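As stored in protein.txt (compact mmCIF, C-alpha atoms):
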# COMPACT_ATOMS: atom_id res chain seq x y z
CA MET A 1 -141.25 169.98 124.42
CA ALA A 2 -144.32 168.89 122.41
CA PRO A 3 -143.55 166.62 119.46
CA LEU A 4 -143.26 168.38 116.14
CA GLU A 5 -145.93 167.95 113.45
CA PRO A 6 -144.67 165.92 110.47
CA TRP A 7 -144.48 169.03 108.25
CA GLU A 8 -142.63 171.00 110.93
CA LYS A 9 -139.92 168.40 111.03
CA VAL A 10 -138.94 168.96 107.40
CA MET A 11 -139.92 172.59 106.72
CA VAL A 12 -136.89 174.58 105.55
CA ASN A 13 -136.62 178.26 106.49
CA SER A 14 -136.01 180.72 103.70
CA GLY A 15 -133.26 182.09 105.94
CA PHE A 16 -131.34 178.86 105.50
CA PHE A 17 -130.56 179.80 101.91
CA GLU A 18 -128.82 182.94 103.11
CA THR A 19 -126.41 180.93 105.22
CA VAL A 20 -123.14 179.34 104.17
CA HIS A 21 -124.60 175.87 104.40
CA GLY A 22 -127.53 176.91 102.22
CA GLN A 23 -125.32 177.75 99.26
CA THR A 24 -125.07 174.20 98.00
CA SER A 25 -127.87 172.26 96.37
CA CYS A 26 -130.01 169.97 98.51
CA SER A 27 -129.07 166.96 96.44
CA ALA A 28 -125.35 167.57 96.97
CA CYS A 29 -125.82 166.22 100.49
CA HIS A 30 -129.15 164.41 100.37
CA ALA A 31 -129.01 162.89 96.84
CA GLY A 32 -132.51 162.07 95.56
CA ASP A 33 -133.92 163.52 92.34
CA SER A 34 -134.41 167.27 92.61
CA SER A 35 -135.76 167.51 89.04
CA SER A 36 -139.01 165.82 90.01
CA ILE A 37 -141.89 167.42 91.89
CA ASP A 38 -143.34 163.98 92.61
CA LYS A 39 -142.49 163.08 96.18
CA GLU A 40 -141.85 159.42 95.53
CA ILE A 41 -139.56 160.05 92.59
CA ALA A 42 -137.83 163.00 94.26
CA HIS A 43 -137.10 160.88 97.32
CA THR A 44 -135.70 157.95 95.37
CA GLY A 45 -132.21 157.31 96.71
CA LEU A 46 -132.66 160.02 99.34
CA ILE A 47 -130.02 160.17 102.06
CA ASN A 48 -132.06 161.26 105.04
CA ALA A 49 -129.10 161.94 107.31
CA PRO A 50 -126.03 162.76 105.23
CA ASP A 51 -124.04 163.39 108.40
CA ALA A 52 -124.05 159.65 109.04
CA ASP A 53 -121.04 159.83 106.74
CA ALA A 54 -119.63 162.90 108.43
CA GLN A 55 -116.30 162.75 106.66
CA ARG A 56 -118.01 163.08 103.27
CA THR A 57 -120.23 165.97 104.31
CA CYS A 58 -119.36 167.97 107.43
CA GLY A 59 -115.73 166.90 107.17
CA ASN A 60 -115.20 168.80 103.95
CA CYS A 61 -114.92 171.97 105.99
CA HIS A 62 -114.86 170.84 109.63
CA ASN A 63 -112.36 168.07 109.19
CA GLU A 64 -110.57 168.50 112.51
CA ILE A 65 -113.78 168.28 114.49
CA VAL A 66 -115.10 165.36 112.47
CA VAL A 67 -111.90 163.40 113.02
CA SER A 68 -111.86 163.92 116.80
CA ASN A 69 -115.61 163.47 117.09
CA ALA A 70 -115.38 160.03 115.51
CA ASN A 71 -113.79 158.84 118.76
CA SER A 72 -116.00 160.77 121.15
CA LEU A 73 -118.32 158.94 123.50
CA HIS A 74 -121.29 160.59 121.81
CA THR A 75 -120.33 158.84 118.60
CA THR A 76 -118.92 155.55 119.80
CA GLN A 77 -121.13 155.03 122.87
CA ALA A 78 -118.13 153.12 124.15
CA GLY A 79 -119.25 153.43 127.75
CA TYR A 80 -122.25 151.21 127.08
CA PHE A 81 -120.17 148.60 125.32
CA GLN A 82 -117.52 148.63 128.03
CA THR A 83 -120.01 147.88 130.78
CA MET A 84 -122.18 145.54 128.71
CA TYR A 85 -119.27 143.42 127.51
CA SER A 86 -117.66 143.43 130.97
CA ARG A 87 -120.72 141.68 132.31
CA SER A 88 -120.74 139.19 129.43
CA LEU A 89 -118.52 136.92 127.31
CA PRO A 90 -117.27 137.32 123.73
CA GLU A 91 -119.63 134.65 122.40
CA ASN A 92 -122.57 136.80 123.49
CA HIS A 93 -121.37 140.00 121.84
CA ALA A 94 -123.31 139.42 118.59
CA ALA A 95 -126.60 139.07 120.47
CA LEU A 96 -125.80 142.09 122.61
CA ASP A 97 -124.89 144.11 119.54
CA GLU A 98 -128.24 143.22 117.98
CA MET A 99 -130.00 144.29 121.16
CA PHE A 100 -128.03 147.52 121.24
CA GLY A 101 -128.85 148.28 117.61
CA ASN A 102 -132.55 147.81 118.21
CA HIS A 103 -132.91 149.63 121.52
CA CYS A 104 -129.99 151.90 122.22
CA GLN A 105 -128.49 152.94 118.89
CA SER A 106 -130.86 155.90 118.53
CA CYS A 107 -128.85 157.57 121.29
CA HIS A 108 -125.82 157.51 118.99
CA THR A 109 -125.16 161.14 118.13
CA THR A 110 -124.23 162.50 114.73
CA CYS A 111 -123.22 166.12 114.00
CA GLY A 112 -126.77 166.87 112.90
CA ASP A 113 -128.37 165.41 116.03
CA CYS A 114 -127.02 168.40 117.93
CA HIS A 115 -126.61 171.09 115.28
CA ILE A 116 -129.42 170.56 112.75
CA ALA A 117 -132.21 168.39 114.11
CA GLN A 118 -133.59 166.93 117.29
CA PRO A 119 -132.25 163.45 118.00
CA ASP A 120 -134.20 160.44 116.73
CA SER A 121 -134.94 159.37 120.28
CA VAL A 122 -137.42 162.25 120.53
CA GLY A 123 -138.80 161.88 117.04
CA GLY A 124 -136.33 163.99 115.11
CA GLY A 125 -137.28 167.17 113.23
CA LEU A 126 -135.30 170.22 112.17
CA LEU A 127 -134.30 172.54 115.01
CA ASN A 128 -134.57 175.79 113.10
CA GLY A 129 -135.69 175.14 109.56
CA HIS A 130 -132.40 173.46 108.60
CA GLU A 131 -130.33 176.44 109.77
CA TYR A 132 -127.24 175.11 111.51
CA VAL A 133 -127.29 175.85 115.23
CA LYS A 134 -123.78 176.40 116.54
CA THR A 135 -124.74 175.99 120.20
CA PRO A 136 -127.20 173.11 120.55
CA PRO A 137 -130.37 174.17 122.39
CA MET A 138 -130.39 172.47 125.79
CA THR A 139 -133.92 171.10 126.02
CA ARG A 140 -134.24 170.07 122.37
CA THR A 141 -130.93 168.28 122.10
CA CYS A 142 -128.96 167.70 125.33
CA THR A 143 -131.81 166.87 127.69
CA ALA A 144 -133.84 165.33 124.88
CA CYS A 145 -131.50 162.37 125.43
CA HIS A 146 -130.17 163.07 128.93
CA GLY A 147 -133.58 163.96 130.28
CA SER A 148 -134.98 161.39 132.63
CA ARG A 149 -132.16 161.67 135.12
CA VAL A 150 -129.75 164.56 134.47
CA GLY A 151 -132.26 166.85 132.75
CA ASN A 152 -134.95 166.48 135.39
CA GLU A 153 -132.44 166.93 138.19
CA TYR A 154 -130.82 169.96 136.63
CA MET A 155 -134.05 171.79 135.86
CA GLY A 156 -135.76 170.85 139.11
CA LYS A 157 -138.46 168.70 137.55
CA ASN A 158 -138.44 166.12 140.34
CA GLU A 159 -141.24 167.05 142.70
CA GLY A 160 -140.02 168.76 145.82
CA ILE A 161 -136.39 168.70 144.75
CA PRO A 162 -134.84 172.02 143.75
CA GLY A 163 -133.07 172.36 140.44
CA ASP A 164 -129.33 172.76 140.23
CA VAL A 165 -128.06 176.09 141.55
CA HIS A 166 -126.14 176.57 138.32
CA PHE A 167 -129.47 176.49 136.50
CA ARG A 168 -131.71 178.23 139.04
CA GLN A 169 -129.37 181.07 139.87
CA GLY A 170 -126.58 180.82 137.34
CA ARG A 171 -128.96 180.38 134.36
CA MET A 172 -126.28 178.17 132.91
CA ASN A 173 -127.08 175.77 130.09
CA CYS A 174 -125.29 172.47 129.52
CA VAL A 175 -122.58 173.90 127.28
CA ALA A 176 -121.58 176.42 129.93
CA CYS A 177 -119.69 173.52 131.53
CA HIS A 178 -119.68 170.87 128.79
CA ASP A 179 -118.15 172.94 126.01
CA GLY A 180 -117.89 172.02 122.37
CA ALA A 181 -114.34 170.75 122.62
CA SER A 182 -115.28 168.27 125.35
CA MET A 183 -118.37 167.17 123.43
CA HIS A 184 -116.39 166.60 120.24
CA ASP A 185 -113.51 164.73 121.86
CA SER A 186 -113.36 162.15 124.62
CA ASP A 187 -109.56 161.87 124.57
CA GLY A 188 -109.86 158.23 123.64
CA ASN A 189 -111.56 157.29 126.89
CA ASN A 190 -114.00 154.40 126.85
CA HIS A 191 -116.20 155.61 129.69
CA ARG A 192 -117.28 159.02 130.94
CA TYR A 193 -115.60 158.35 134.27
CA GLU A 194 -112.27 157.51 132.67
CA GLY A 195 -109.50 160.07 132.34
CA ALA A 196 -109.35 163.58 133.67
CA GLN A 197 -112.58 165.14 134.85
CA GLY A 198 -113.83 167.47 132.19
CA PRO A 199 -115.43 169.59 133.35
CA SER A 200 -114.48 169.49 136.99
CA CYS A 201 -116.06 171.69 139.64
CA GLU A 202 -112.61 173.10 140.35
CA SER A 203 -112.41 174.43 136.79
CA CYS A 204 -114.50 177.35 138.07
CA HIS A 205 -114.31 176.94 141.85
CA ASP A 206 -110.55 177.04 141.77
CA GLN A 207 -110.09 178.15 145.38
CA VAL A 208 -111.79 175.08 146.84
CA GLY A 209 -109.43 173.19 149.11
CA LYS A 210 -106.65 175.74 148.75
CA THR A 211 -105.12 177.47 151.76
CA SER A 212 -107.15 180.54 150.92
CA ASP A 213 -110.38 178.54 151.17
CA THR A 214 -112.27 179.67 154.28
CA ILE A 215 -114.46 176.56 154.36
CA VAL A 216 -112.51 174.17 156.50
CA GLN A 217 -114.60 171.15 155.42
CA HIS A 218 -113.24 171.51 151.91
CA GLN A 219 -109.70 171.12 153.16
CA ILE A 220 -110.61 168.20 155.41
CA HIS A 221 -112.54 166.23 152.82
CA GLN A 222 -110.92 167.23 149.56
CA GLY A 223 -109.67 164.20 147.71
CA ASN A 224 -111.69 161.88 149.89
CA LEU A 225 -115.19 162.88 148.85
CA SER A 226 -116.43 163.91 145.42
CA CYS A 227 -118.04 167.35 145.48
CA GLN A 228 -121.47 165.78 144.91
CA VAL A 229 -121.30 163.84 148.18
CA CYS A 230 -121.84 167.08 150.09
CA HIS A 231 -123.54 169.22 147.45
CA SER A 232 -126.07 167.07 145.60
CA VAL A 233 -129.51 166.11 146.83
CA THR A 234 -131.99 163.32 146.17
CA TYR A 235 -131.84 161.98 142.62
CA THR A 236 -133.36 159.27 140.44
CA SER A 237 -132.62 155.57 140.55
CA CYS A 238 -134.19 152.91 138.32
CA ASP A 239 -134.60 149.15 138.46
CA SER A 240 -134.56 146.42 135.85
CA CYS A 241 -134.91 147.73 132.34
CA HIS A 242 -135.98 144.84 130.11
CA VAL A 243 -136.07 145.16 126.36
CA ALA A 244 -138.00 143.25 123.69
CA ILE A 245 -139.55 143.51 120.24
CA SER A 246 -143.32 143.95 120.09
CA GLU A 247 -145.16 140.94 118.69
CA THR A 248 -147.93 143.18 117.37
CA THR A 249 -145.98 146.05 115.80
CA GLY A 250 -142.49 144.64 115.43
CA ASN A 251 -141.10 147.73 117.14
CA PRO A 252 -138.60 147.67 119.99
CA PHE A 253 -139.77 148.64 123.45
CA PHE A 254 -138.55 148.59 127.04
CA LYS A 255 -140.04 148.22 130.50
CA THR A 256 -138.41 149.48 133.66
CA ALA A 257 -139.60 147.88 136.86
CA ALA A 258 -139.35 150.93 139.10
CA THR A 259 -138.14 154.50 139.27
CA TYR A 260 -137.60 156.10 142.65
CA MET A 261 -135.67 158.84 144.40
CA THR A 262 -132.54 158.06 146.40
CA PHE A 263 -129.52 159.66 147.94
CA PHE A 264 -126.87 157.17 148.97
CA ILE A 265 -123.16 157.54 149.48
CA GLY A 266 -121.19 154.50 148.40
CA ARG A 267 -117.61 153.50 147.85
CA ASN A 268 -115.90 154.64 144.68
CA THR A 269 -115.29 151.66 142.39
CA ARG A 270 -113.67 153.88 139.76
CA GLN A 271 -110.92 155.19 141.98
CA SER A 272 -108.01 156.69 140.03
CA SER A 273 -105.62 159.61 140.24
CA ASP A 274 -108.28 161.64 138.46
CA ARG A 275 -111.03 160.48 140.83
CA PRO A 276 -109.25 159.63 144.06
CA TYR A 277 -112.37 159.84 146.19
CA GLU A 278 -113.17 157.12 148.66
CA PHE A 279 -116.86 158.02 148.68
CA VAL A 280 -119.17 159.13 145.85
CA PRO A 281 -122.95 159.28 145.41
CA VAL A 282 -124.25 156.08 143.86
CA ARG A 283 -127.30 155.60 141.68
CA HIS A 284 -129.09 152.32 140.97
CA ILE A 285 -128.90 151.78 137.23
CA PRO A 286 -131.61 149.74 135.52
CA VAL A 287 -129.66 146.66 134.53
CA ASP A 288 -130.17 143.18 135.93
CA PRO A 289 -129.00 139.73 134.78
CA GLU A 290 -132.14 139.26 132.66
CA SER A 291 -132.32 142.71 131.05
CA TYR A 292 -131.52 141.36 127.59
CA ALA A 293 -133.06 137.90 127.97
CA TYR A 294 -135.24 138.47 124.87
CA TYR A 295 -132.04 138.14 122.80
CA GLY A 296 -130.71 134.99 124.41
CA ASP A 297 -130.20 133.03 127.60
CA ASN A 298 -127.65 134.07 130.14
CA LEU A 299 -126.22 136.94 128.09
CA LEU A 300 -124.72 138.54 131.20
CA PRO A 301 -123.01 135.60 132.91
CA ASN A 302 -120.48 137.92 134.57
CA PHE A 303 -123.10 140.25 135.90
CA ASN A 304 -121.48 140.34 139.32
CA LEU A 305 -118.23 141.80 137.98
CA LEU A 306 -119.71 145.30 137.92
CA PRO A 307 -122.01 147.02 140.41
CA ASN A 308 -125.46 148.26 139.46
CA TRP A 309 -125.25 150.83 142.21
CA ALA A 310 -123.03 153.03 140.07
CA TYR A 311 -120.82 156.07 140.60
CA ALA A 312 -123.03 159.09 139.90
CA THR A 313 -122.66 162.81 139.42
CA PRO A 314 -126.17 164.09 140.16
CA HIS A 315 -126.85 167.39 138.44
CA ASN A 316 -128.78 169.05 141.25
CA ILE A 317 -125.99 170.85 143.08
CA GLN A 318 -126.91 173.00 146.08
CA ARG A 319 -124.72 175.04 148.36
CA ASN A 320 -126.62 173.82 151.42
CA THR A 321 -127.83 170.25 151.60
CA PRO A 322 -129.24 168.04 154.37
CA GLN A 323 -125.97 166.12 154.65
CA ASN A 324 -123.75 169.21 154.95
CA GLU A 325 -125.84 170.94 157.64
CA SER A 326 -123.42 169.72 160.26
CA CYS A 327 -120.66 167.14 160.67
CA ASN A 328 -123.04 164.62 162.18
CA ALA A 329 -125.66 165.12 159.53
CA CYS A 330 -123.34 162.80 157.63
CA HIS A 331 -120.98 161.23 160.17
CA GLY A 332 -122.77 158.44 161.95
CA ASN A 333 -125.86 158.82 159.75
CA ALA A 334 -126.25 155.33 158.27
CA GLU A 335 -129.42 156.38 156.43
CA ILE A 336 -127.48 158.15 153.70
CA PHE A 337 -124.84 155.47 153.18
CA LEU A 338 -125.35 152.46 150.92
CA THR A 339 -125.15 149.77 153.56
CA ALA A 340 -125.82 146.11 152.80
CA ASP A 341 -129.36 146.22 154.16
CA LYS A 342 -130.34 148.64 151.36
CA VAL A 343 -129.18 146.31 148.60
CA LYS A 344 -131.33 143.51 147.23
CA PRO A 345 -129.99 140.14 148.36
CA GLU A 346 -129.47 138.98 144.78
CA GLU A 347 -127.38 142.10 144.06
CA LEU A 348 -125.09 141.95 147.09
CA GLU A 349 -122.30 140.21 145.24
CA ALA A 350 -122.31 142.65 142.31
CA ASN A 351 -122.21 145.60 144.70
CA ARG A 352 -119.79 144.26 147.30
CA ASN A 353 -117.21 146.94 146.44
CA VAL A 354 -119.75 149.76 146.65
CA ILE A 355 -121.39 148.82 149.90
CA VAL A 356 -120.23 150.79 152.92
CA ASP A 357 -119.46 148.34 155.70
CA THR A 358 -118.54 150.90 158.31
CA VAL A 359 -120.23 154.26 158.36
CA PRO A 360 -117.89 157.07 159.40
CA GLY A 361 -118.38 157.57 163.13
CA LEU A 362 -120.01 160.46 164.91
CA ILE A 363 -117.87 163.47 165.58
CA PRO A 364 -117.87 164.12 169.35
CA GLU A 365 -119.29 167.33 170.87
CA GLN A 366 -121.41 168.24 167.87
CA MET B 1 -54.99 152.70 61.77
CA ARG B 2 -55.04 156.48 61.46
CA LYS B 3 -57.41 156.16 58.53
CA ILE B 4 -59.79 154.07 60.55
CA ILE B 5 -59.76 156.60 63.40
CA LEU B 6 -60.33 159.44 60.96
CA ILE B 7 -63.23 157.68 59.27
CA LEU B 8 -64.82 156.85 62.63
CA SER B 9 -64.43 160.48 63.82
CA LEU B 10 -65.99 161.85 60.66
CA SER B 11 -68.87 159.36 60.87
CA LEU B 12 -69.52 160.32 64.50
CA SER B 13 -69.42 164.04 63.68
CA MET B 14 -71.92 163.61 60.85
CA LEU B 15 -74.16 161.57 63.08
CA LEU B 16 -74.19 164.28 65.77
CA LEU B 17 -74.76 167.07 63.30
CA GLY B 18 -77.56 165.10 61.71
CA ALA B 19 -79.25 164.62 65.10
CA CYS B 20 -79.05 168.34 65.92
CA SER B 21 -80.52 169.37 62.63
CA ALA B 22 -83.38 166.83 63.05
CA LYS B 23 -84.27 168.24 66.50
CA SER B 24 -84.47 171.77 65.23
CA THR B 25 -86.88 170.79 62.46
CA PRO B 26 -90.55 171.21 63.46
CA SER B 27 -92.15 167.79 63.79
CA THR B 28 -95.58 168.98 62.66
CA VAL B 29 -96.75 171.44 60.12
CA PRO B 30 -99.57 173.79 61.12
CA ASP B 31 -102.85 172.59 59.75
CA GLU B 32 -104.16 175.23 57.42
CA THR B 33 -107.71 173.99 57.89
CA GLU B 34 -107.56 174.56 61.64
CA VAL B 35 -106.24 178.07 61.14
CA SER B 36 -109.01 178.97 58.79
CA ILE B 37 -111.68 177.61 61.17
CA SER B 38 -110.17 179.56 64.01
CA GLN B 39 -110.18 182.73 61.99
CA ALA B 40 -113.79 182.14 61.00
CA THR B 41 -115.03 182.05 64.70
CA PRO B 42 -117.12 185.15 65.46
CA THR B 43 -115.68 187.37 68.19
CA THR B 44 -119.04 188.53 69.56
CA VAL B 45 -121.21 186.36 71.87
CA ILE B 46 -124.89 186.18 71.12
CA PRO B 47 -126.80 186.20 74.46
CA VAL B 48 -128.96 183.14 75.01
CA ALA B 49 -131.76 183.03 77.60
CA PHE B 50 -130.65 180.69 80.47
CA GLU B 51 -132.98 179.30 83.12
CA PRO B 52 -131.33 177.47 86.01
CA PRO B 53 -132.90 174.09 86.70
CA ILE B 54 -135.67 174.27 89.30
CA ASP B 55 -134.73 172.61 92.58
CA ASN B 56 -137.97 170.90 93.53
CA CYS B 57 -136.57 170.03 96.95
CA VAL B 58 -136.68 173.72 97.79
CA VAL B 59 -140.06 174.23 96.13
CA CYS B 60 -141.69 171.61 98.34
CA HIS B 61 -139.74 171.99 101.57
CA THR B 62 -140.45 175.71 101.82
CA ASP B 63 -144.19 175.29 101.19
CA LYS B 64 -146.02 174.46 104.40
CA GLN B 65 -149.27 173.48 102.67
CA MET B 66 -147.50 171.21 100.22
CA LEU B 67 -145.72 169.49 103.10
CA ILE B 68 -149.01 169.05 104.96
CA ASP B 69 -150.71 167.67 101.86
CA THR B 70 -147.98 165.16 101.14
CA ALA B 71 -147.19 164.17 104.74
CA VAL B 72 -147.55 160.53 105.63
CA GLU B 73 -149.12 159.75 108.99
CA GLU B 74 -146.41 158.64 111.35
CA GLU B 75 -146.66 155.18 112.74
CA GLU B 76 -148.19 155.47 116.21
CA ASP B 77 -145.76 153.06 117.74
CA ALA B 78 -142.74 154.41 115.94
CA HIS B 79 -141.03 155.35 119.18
CA GLY B 80 -141.97 152.33 121.24
CA ALA B 81 -145.40 153.23 122.58
CA GLU B 82 -145.46 149.87 124.36
CA SER B 83 -142.58 150.99 126.54
CA GLU B 84 -143.24 151.42 130.22
CA GLY B 85 -141.32 153.37 132.79
CA VAL B 86 -138.46 155.80 132.55
CA GLY B 87 -136.02 155.18 129.75
Would you mind writing the file's structure down as structure tokens?
Amino acid sequence: MAPLEPWEKVMVNSGFFETVHGQTSCSACHAGDSSSIDKEIAHTGLINAPDADAQRTCGNCHNEIVVSNANSLHTTQAGYFQTMYSRSLPENHAALDEMFGNHCQSCHTTCGDCHIAQPDSVGGGLLNGHEYVKTPPMTRTCTACHGSRVGNEYMGKNEGIPGDVHFRQGRMNCVACHDGASMHDSDGNNHRYEGAQGPSCESCHDQVGKTSDTIVQHQIHQGNLSCQVCHSVTYTSCDSCHVAISETTGNPFFKTAATYMTFFIGRNTRQSSDRPYEFVPVRHIPVDPESYAYYGDNLLPNFNLLPNWAYATPHNIQRNTPQNESCNACHGNAEIFLTADKVKPEELEANRNVIVDTVPGLIPEQ
Amino acid sequence: MRKIILILSLSLSMLLLGACSAKSTPSTVPDETEVSISQATPTTVIPVAFEPPIDNCVVCHTDKQMLIDTAVEEEEDAHGAESEGVG
């Protein structure tokens, strides 16, 4: 979506004043001086985003949601901290926190980032003239942040790669699977791949793997392969995101070394009772030992403790894919497995648990 | 001894009776001045013209032209124009 003009970002619809949220004065939430018509005076003490203190504002009526949302991954961004700190040491946390505040904090999500305005990462601006939007619009909120990988995959924006069948044929938006309850509460998990899968494919496809399932491959592979191993197609990987502060403008910026399309099956390093799979698709994530070097030397001394070919759930699901054409489209096909020769030598150690040493053998008489 | 007990009983009885009579006595006397002021208050309300304070936030933020006129050019590099690659 094209960026909003400055006036568009702050223009309030007359319809807003007919809504419940429009019944209170502007200054009740935003402070400032509403008695002055002078912009500078009126904006003195202005609270641009009152929902930053959600308990004081949204929580007056939506207390239950505000309380649970405070611990959601959208609010805490705990997944980033878990992986960043795991690769580092406590003495580096302050520098990493500074880096995170400068470069990643804009992805932190408040109530208003989904229900009132576009997120800061895409320049902000009211979604619908300050009217509160119960269901966040997909392209202006969800994929505004989750765009370069998930959004492009889901909507088929990667050249030559079809969009997700749930989008193309099902016309489903993000919240069709990722409902409000799951967005507002992460059940205390510190990473999106912790805890029960929510949503899981089986939430809708509840016959998969059951005795009534006529697709024998489901029964053979269920529990051993994540659904995406057979039903996703080529997706985006990225290399080496480095961050810094511009010497000329003082603004933060990043540079990624490469973005390319991959489909590789690797070993599951997040194996649990909720994700028992031996194999999952893996995506190269853009972190390397020097990603945050601008903020200090050797900030990720334990880089090799986590892989940077990471468990992925590509959002471009198809019923028929190249790897599920036949048994031997996958079995014996080393091209689609993350074998050691596909990993950069300097990353072999970090990815030792992901790399597939032995590709499942050919199935005879195929 | 009987005399002493009798005197003590009488004293105690008088004390109790005295306390009861003190409690039943009003502690304050109605102020006649207050009563007269209250009676002097008119019972009809004279309507006074009331204008709610103008909320200038609404005045400006619902006026497209005013917002255009007062907009400040956004910093070109506000969102990291120096960035390269996919974020």
Item checked: Exercise: B:Val72 partners within 12 Å, only C-alpha atoms, chain neighbours under 4 positions left out, as a PyMOL selection string -> (chain A and resi 5-7+39-40) or (chain B and resi 66-68+76)
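For A:Ile355, the list of residues within 8 Å, based on only C-alpha atoms and with local chain neighbours fewer than 3 positions off taken out, reads Gly266, Arg267, Leu338, Thr339, Ala340, Asn351 and Arg352 of chain A.
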With a distance cut-off of 6 Å and only C-alpha atoms, select the neighbouring residues of stretch 235-239 of chain A, excluding the residue or stretch itself and same-chain residues fewer than 4 positions from it, and output the selection as a tab-separated table (two decimals) with C-alpha atoms, in the frame of the given file.
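As a result, selection-v7.tsv now contains:
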chain	number	residue	atom	x	y	z
A	149	ARG	CA	-132.16	161.67	135.12
A	257	ALA	CA	-139.60	147.88	136.86
A	258	ALA	CA	-139.35	150.93	139.10
A	259	THR	CA	-138.14	154.50	139.27
A	260	TYR	CA	-137.60	156.10	142.65
A	261	MET	CA	-135.67	158.84	144.40
A	262	THR	CA	-132.54	158.06	146.40
A	283	ARG	CA	-127.30	155.60	141.68
A	284	HIS	CA	-129.09	152.32	140.97
A	285	ILE	CA	-128.90	151.78	137.23
A	286	PRO	CA	-131.61	149.74	135.52
Margin query: Give me, as JSON, numbers by chain, the residues of chain A touching chain B, with the criterion being at most 8 Å (counting all atoms listed in the file).
Written below: {"A": [6, 7, 10, 11, 12, 13, 14, 25, 26, 34, 35, 36, 37, 39, 42, 121, 122, 123, 148, 238, 241, 246, 249, 251, 252, 253, 254, 255, 256, 257, 258, 259]}
Margin query: Just the number, please: distance in Å from atom CA of A:Cys58 to atom CA of A:Asp185, one decimal.
Written below: 15.9 Å
Check: Near A:Thr234, counting all atoms listed in the file, which residues have an atom at most 12 Å away, once you skip same-chain residues fewer than 4 positions from it, shown as a PyMOL selection string?
Finding: chain A and resi 149-150+152-154+156+158-164+228-230+260-265+281-283+312-318+321-323+336
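Atom CA of A:Pro345 lies 21.6 Å from atom CA of A:Ser86.
Computed from the coordinates, the atom CA of A:Gln197 to atom CA of A:Tyr311 distance equals 13.5 Å.
Using only C-alpha atoms for every distance, the candidate list A:Leu89, A:Ala70, A:Cys111, A:Ala196 yields A:Cys111 as the residue closest to A:Ala49.
Using all atoms listed in the file, the residues found no farther than 10 Å from A:Thr83, other than those of its own chain fewer than 6 positions away, are Asn190, His191, Phe303, Leu305, Leu306 and Pro307 of chain A.
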Given the selection you just returned, output its residues as a file containing C-alpha atoms, formatted as an mmCIF file, in the frame of the given file.
data_model
loop_
_atom_site.group_PDB
_atom_site.id
_atom_site.type_symbol
_atom_site.label_atom_id
_atom_site.label_comp_id
_atom_site.auth_asym_id
_atom_site.auth_seq_id
_atom_site.Cartn_x
_atom_site.Cartn_y
_atom_site.Cartn_z
ATOM 1 C CA ASN A 190 -114.000 154.400 126.850
ATOM 2 C CA HIS A 191 -116.200 155.610 129.690
ATOM 3 C CA PHE A 303 -123.100 140.250 135.900
ATOM 4 C CA LEU A 305 -118.230 141.800 137.980
ATOM 5 C CA LEU A 306 -119.710 145.300 137.920
ATOM 6 C CA PRO A 307 -122.010 147.020 140.410
#
Generate the coordinates of N, CA and C atoms for stretch 213-223 of chain A; report them as a tab-separated table (two decimals), keeping the file's coordinate frame.
chain	number	residue	atom	x	y	z
A	213	ASP	N	-108.98	178.94	151.01
A	213	ASP	CA	-110.38	178.54	151.17
A	213	ASP	C	-110.79	178.66	152.64
A	214	THR	N	-111.85	179.44	152.88
A	214	THR	CA	-112.27	179.67	154.28
A	214	THR	C	-113.18	178.55	154.79
A	215	ILE	N	-113.59	177.67	153.92
A	215	ILE	CA	-114.46	176.56	154.36
A	215	ILE	C	-113.58	175.37	154.72
A	216	VAL	N	-113.47	175.16	156.01
A	216	VAL	CA	-112.51	174.17	156.50
A	216	VAL	C	-112.87	172.75	156.03
A	217	GLN	N	-114.18	172.50	155.87
A	217	GLN	CA	-114.60	171.15	155.42
A	217	GLN	C	-114.02	170.79	154.05
A	218	HIS	N	-113.83	171.78	153.23
A	218	HIS	CA	-113.24	171.51	151.91
A	218	HIS	C	-111.83	170.96	152.06
A	219	GLN	N	-111.09	171.56	152.98
A	219	GLN	CA	-109.70	171.12	153.16
A	219	GLN	C	-109.64	169.74	153.83
A	220	ILE	N	-110.60	169.50	154.73
A	220	ILE	CA	-110.61	168.20	155.41
A	220	ILE	C	-110.96	167.07	154.43
A	221	HIS	N	-111.98	167.33	153.62
A	221	HIS	CA	-112.54	166.23	152.82
A	221	HIS	C	-112.03	166.17	151.38
A	222	GLN	N	-111.34	167.21	150.96
A	222	GLN	CA	-110.92	167.23	149.56
A	222	GLN	C	-110.08	165.99	149.21
A	223	GLY	N	-110.40	165.39	148.13
A	223	GLY	CA	-109.67	164.20	147.71
A	223	GLY	C	-110.29	162.93	148.24
